[in-house]
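Written below as structure tokens is the structure these notes are about.
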Amino acid sequence: MAAAANVSVATVSRALQRPEIVSEATRLHIQEVVKRLGYTPNALARNLRTARTRLIVALLPDIANPFFSQVIRGIEQVAHENGYSVLLGETQSSLVREQAYADMVAARQADGIITMSHRVPAIPMQGRLPVVNACEYVKDQQISSVYVDNVTAARAAVDYLVTLGHRDIAFVAGPPASPICIDREQGYRLALDAAGLPCNPALTAVGDFSIEAGERAIELLLSQGQSFTAVFCSNDEMAIGAMRALASRGLRVPQDISVVGFDDIRFSRYMTPALTTIAQPKNALGREAMSMLIELLNDPEVPPRKRVLSADLVVRGSTAPCPAGKT
Ligand code: RIB
């Protein structure tokens, strides 16, 4: 290949494996020679030489949650553009499953991991772990992460309910072990504080991000006789469950109770009423996580960083002014 293209072996190798670092003219020239010669890189030989598998593991807690499919699409796009394949590992938040995938990296069956969980599995390796955290973050400063500003986004959601005149705003929290869930709760509290509203702990119920958990949370609050005119849910799936629980009690959304979610999964805009929510940049989260991992695999000395993206409120039909007589 190198002889046919009249360049060095190293240039061919760079053009095929890290096209971003060669000039466009060289890349196009080599691509043309590759095509002309019908060359197929021998992956096995290449892996033996570089000790790379060009396979990465994407760990996600719940494959049925559509939020993650869009993040994974972003991961896959950048992986494909850079000659990597992606192995999906659904962990169902099990430490044992997470560890089994982490062991693949230690055994050099995969190059690295993007985890969408709030913890990072232990990999018995020396030096910097080839791990990036997506959508979540951990306190460990050595682990690079990309996630949204959950405090600001949650606050924007609750501020909006306040502007609609709501005073009794319930909160369906996510798993308390996750820093992003703590941040969403902080955003909820900050908005109440800023409006001079008391934060009533009896109006908070906790869920595990599933539709069923959202349903159970609202049933619990209603069965306790709690009175509220709006509810902010820590993700869209729980908001969908909440809406179902409200409907089964004959409560109308948004006329009686306003509902806000978080994520902006695809289904949210197609529901009746469509869900007001916080739109997370799901594709960008995935793309950035994969870029960070590639950067780290290419240069283990690259400084770790926490990249925070913004998330925006999308107003739809599930929210309305507080009913008369309840403000
Ligand atoms: O819906 C799943 C949730 O878990 C999302 O809100 C996301 O931020 C994630 O970590």
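Just so we're on the same page: first chain in the structure tokens is A, next is B, and so on; residues restart at 1 for each chain, and ligands are numbered from 1 in the order they show up.
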Fill in: Site check for ligand 1: residues at most 8 Å away, only C-alpha atoms and all ligand atoms, as number ranges by chain
A: 65-68, 116-118, 134-136, 147-148, 180, 209-210, 234-237, 262-263, 280
Fill in: Every residue of range 253-287 of chain A that DSSP places in helix (DSSP H, G or I), as a list of chain:residue names
A:Arg266, A:Phe267, A:Ser268, A:Arg269, A:Tyr270, A:Lys282, A:Asn283, A:Ala284, A:Leu285, A:Gly286, A:Arg287
Selected residues, C-alpha atoms, written as a PDB file, in the first residue's frame, please.
ATOM      1  CA  ARG A 266     -38.879  10.790  21.682  1.00  0.00           C
ATOM      2  CA  PHE A 267     -42.276   9.730  23.012  1.00  0.00           C
ATOM      3  CA  SER A 268     -42.726  12.848  25.140  1.00  0.00           C
ATOM      4  CA  ARG A 269     -43.809  15.035  22.250  1.00  0.00           C
ATOM      5  CA  TYR A 270     -46.305  12.418  20.991  1.00  0.00           C
ATOM      6  CA  LYS A 282     -28.573  13.196  24.193  1.00  0.00           C
ATOM      7  CA  ASN A 283     -26.710  12.790  20.908  1.00  0.00           C
ATOM      8  CA  ALA A 284     -24.100  15.372  21.948  1.00  0.00           C
ATOM      9  CA  LEU A 285     -23.611  13.624  25.298  1.00  0.00           C
ATOM     10  CA  GLY A 286     -22.864  10.361  23.487  1.00  0.00           C
ATOM     11  CA  ARG A 287     -20.642  11.935  20.841  1.00  0.00           C
TER      12      ARG A 287
END
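In this model, the gap between CA of Ala106 in chain A and CA of Pro124 in chain A comes to 6.1 Å.
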Item to complete: Tell me which protein, DNA and RNA residues are within 8 Å of Ile56 in chain A, counting only C-alpha atoms, leaving out same-chain ones fewer than 5 positions away, and put them as a ChimeraX atom specification.
Response: /A:84-87,110-114
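Candidate residues A:Ile72, A:Leu16, A:Thr204, A:Cys322 were compared for distance to Gln31 in chain A, and the nearest is A:Leu16, using only C-alpha atoms.
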Discussion item. When you count only C-alpha atoms, which of these residues is closest to Tyr101 in chain A: A:Val78, A:Val308, A:Arg36, A:Leu55?
Written reply: A:Leu55
Worksheet entry | Nearest to Val206 in chain A by atom-to-atom distance, counting only C-alpha atoms, from A:Pro176, A:Gly261, A:Pro321, A:Gly225 | A:Pro176
Worksheet item: Taking into account only C-alpha atoms, which residue in the set A:Ala247, A:Val260, A:Ile278, A:Ala205 is nearest to Val231 in chain A?
Response: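 When distances to Val231 in chain A are compared using only C-alpha atoms, the smallest one comes from A:Val260.
When only C-alpha atoms are used to compute distances to His166 in chain A, the closest of the residues A:Ala324, A:Ile75, A:Ile63, A:Ile21 turns out to be A:Ala324.
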Worksheet item: Of the candidates A:Ala170, A:Leu164, A:Ile211, A:Ala156, which shows the shortest atom-to-atom distance to Asp312 in chain A, using only C-alpha atoms?
Response: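 Of A:Ala170, A:Leu164, A:Ile211, A:Ala156, the one nearest Asp312 in chain A, counting only C-alpha atoms, is A:Ala156.
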Practice prompt. Calculate how many Å separate CA of Val120 in chain A from CA of Thr53 in chain A, rounding to one decimal.
Written response: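 Result for CA of Val120 in chain A versus CA of Thr53 in chain A: 21.1 Å, one decimal.
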Worksheet item: Just asking: which residues within range 77-237 of chain A are strand (DSSP E) according to DSSP, as an NGL selection string?
Response: :A and (85-90 or 112-115 or 131-134 or 144-148 or 169-173 or 204-206 or 230-233)
Those same residues - C-alpha atoms - I'd like them written as a PDB file, in the first residue's frame.
ATOM      1  CA  SER A  85     -16.993  -0.921  17.442  1.00  0.00           C
ATOM      2  CA  VAL A  86     -19.318  -0.663  20.425  1.00  0.00           C
ATOM      3  CA  LEU A  87     -20.413  -3.492  22.678  1.00  0.00           C
ATOM      4  CA  LEU A  88     -23.534  -2.650  24.694  1.00  0.00           C
ATOM      5  CA  GLY A  89     -23.726  -3.881  28.260  1.00  0.00           C
ATOM      6  CA  GLU A  90     -27.026  -3.498  30.068  1.00  0.00           C
ATOM      7  CA  GLY A 112     -12.191   1.101  27.280  1.00  0.00           C
ATOM      8  CA  ILE A 113     -15.567   1.800  28.815  1.00  0.00           C
ATOM      9  CA  ILE A 114     -18.163   4.540  28.653  1.00  0.00           C
ATOM     10  CA  THR A 115     -20.392   4.115  31.656  1.00  0.00           C
ATOM     11  CA  VAL A 131     -13.126   5.035  31.406  1.00  0.00           C
ATOM     12  CA  VAL A 132     -15.426   7.966  30.642  1.00  0.00           C
ATOM     13  CA  ASN A 133     -18.652   8.747  32.463  1.00  0.00           C
ATOM     14  CA  ALA A 134     -21.568   9.874  30.280  1.00  0.00           C
ATOM     15  CA  SER A 144     -13.594  12.400  32.686  1.00  0.00           C
ATOM     16  CA  SER A 145     -17.338  12.961  32.422  1.00  0.00           C
ATOM     17  CA  VAL A 146     -19.844  14.685  30.234  1.00  0.00           C
ATOM     18  CA  TYR A 147     -23.251  15.574  31.656  1.00  0.00           C
ATOM     19  CA  VAL A 148     -25.698  18.447  31.820  1.00  0.00           C
ATOM     20  CA  ILE A 169     -45.220  21.464  43.737  1.00  0.00           C
ATOM     21  CA  ALA A 170     -44.490  17.790  44.305  1.00  0.00           C
ATOM     22  CA  PHE A 171     -41.160  16.220  43.333  1.00  0.00           C
ATOM     23  CA  VAL A 172     -40.446  12.693  42.131  1.00  0.00           C
ATOM     24  CA  ALA A 173     -36.750  12.206  42.803  1.00  0.00           C
ATOM     25  CA  THR A 204     -41.195  14.348  47.647  1.00  0.00           C
ATOM     26  CA  ALA A 205     -41.308  10.689  46.632  1.00  0.00           C
ATOM     27  CA  VAL A 206     -38.368   8.686  45.315  1.00  0.00           C
ATOM     28  CA  ALA A 230     -47.962  20.391  39.924  1.00  0.00           C
ATOM     29  CA  VAL A 231     -45.306  17.731  39.922  1.00  0.00           C
ATOM     30  CA  PHE A 232     -41.728  17.823  38.671  1.00  0.00           C
ATOM     31  CA  CYS A 233     -40.379  14.354  37.840  1.00  0.00           C
TER      32      CYS A 233
END
Extract, using only C-alpha atoms, all DNA, RNA and protein residues at most 10 Å from Met125 in chain A, discarding same-chain residues fewer than 4 positions from it, and format them as an mmCIF file with N, CA and C atoms, in the first residue's frame.
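Output (result_24.cif):
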data_model
loop_
_atom_site.group_PDB
_atom_site.id
_atom_site.type_symbol
_atom_site.label_atom_id
_atom_site.label_comp_id
_atom_site.auth_asym_id
_atom_site.auth_seq_id
_atom_site.Cartn_x
_atom_site.Cartn_y
_atom_site.Cartn_z
ATOM 1 N N ASP A 103 -13.876 -6.245 33.601
ATOM 2 C CA ASP A 103 -12.829 -7.274 33.523
ATOM 3 C C ASP A 103 -12.408 -7.521 32.072
ATOM 4 N N VAL A 105 -11.883 -5.275 29.927
ATOM 5 C CA VAL A 105 -10.850 -4.281 29.618
ATOM 6 C C VAL A 105 -9.533 -4.730 30.237
ATOM 7 N N ALA A 106 -9.604 -5.215 31.479
ATOM 8 C CA ALA A 106 -8.379 -5.681 32.136
ATOM 9 C C ALA A 106 -7.768 -6.841 31.352
ATOM 10 N N ALA A 107 -8.637 -7.670 30.741
ATOM 11 C CA ALA A 107 -8.151 -8.831 29.977
ATOM 12 C C ALA A 107 -7.814 -8.456 28.530
ATOM 13 N N LEU A 129 -7.324 4.922 34.189
ATOM 14 C CA LEU A 129 -8.319 3.961 33.693
ATOM 15 C C LEU A 129 -8.933 4.467 32.393
ATOM 16 N N PRO A 130 -9.098 3.581 31.393
ATOM 17 C CA PRO A 130 -9.707 4.017 30.126
ATOM 18 C C PRO A 130 -11.231 4.042 30.257
#
Worksheet, complete the sentence: One decimal place gives the CA of Ser310 in chain A-CA of Met271 in chain A separation as 24.5 Å
Fill in: All residues 12 Å or closer to Gln186 in chain A, only C-alpha atoms, same chain fewer than 3 positions away omitted, as number ranges by chain
A: 149-156, 158, 171, 173, 176, 179-183, 189-193, 199, 234
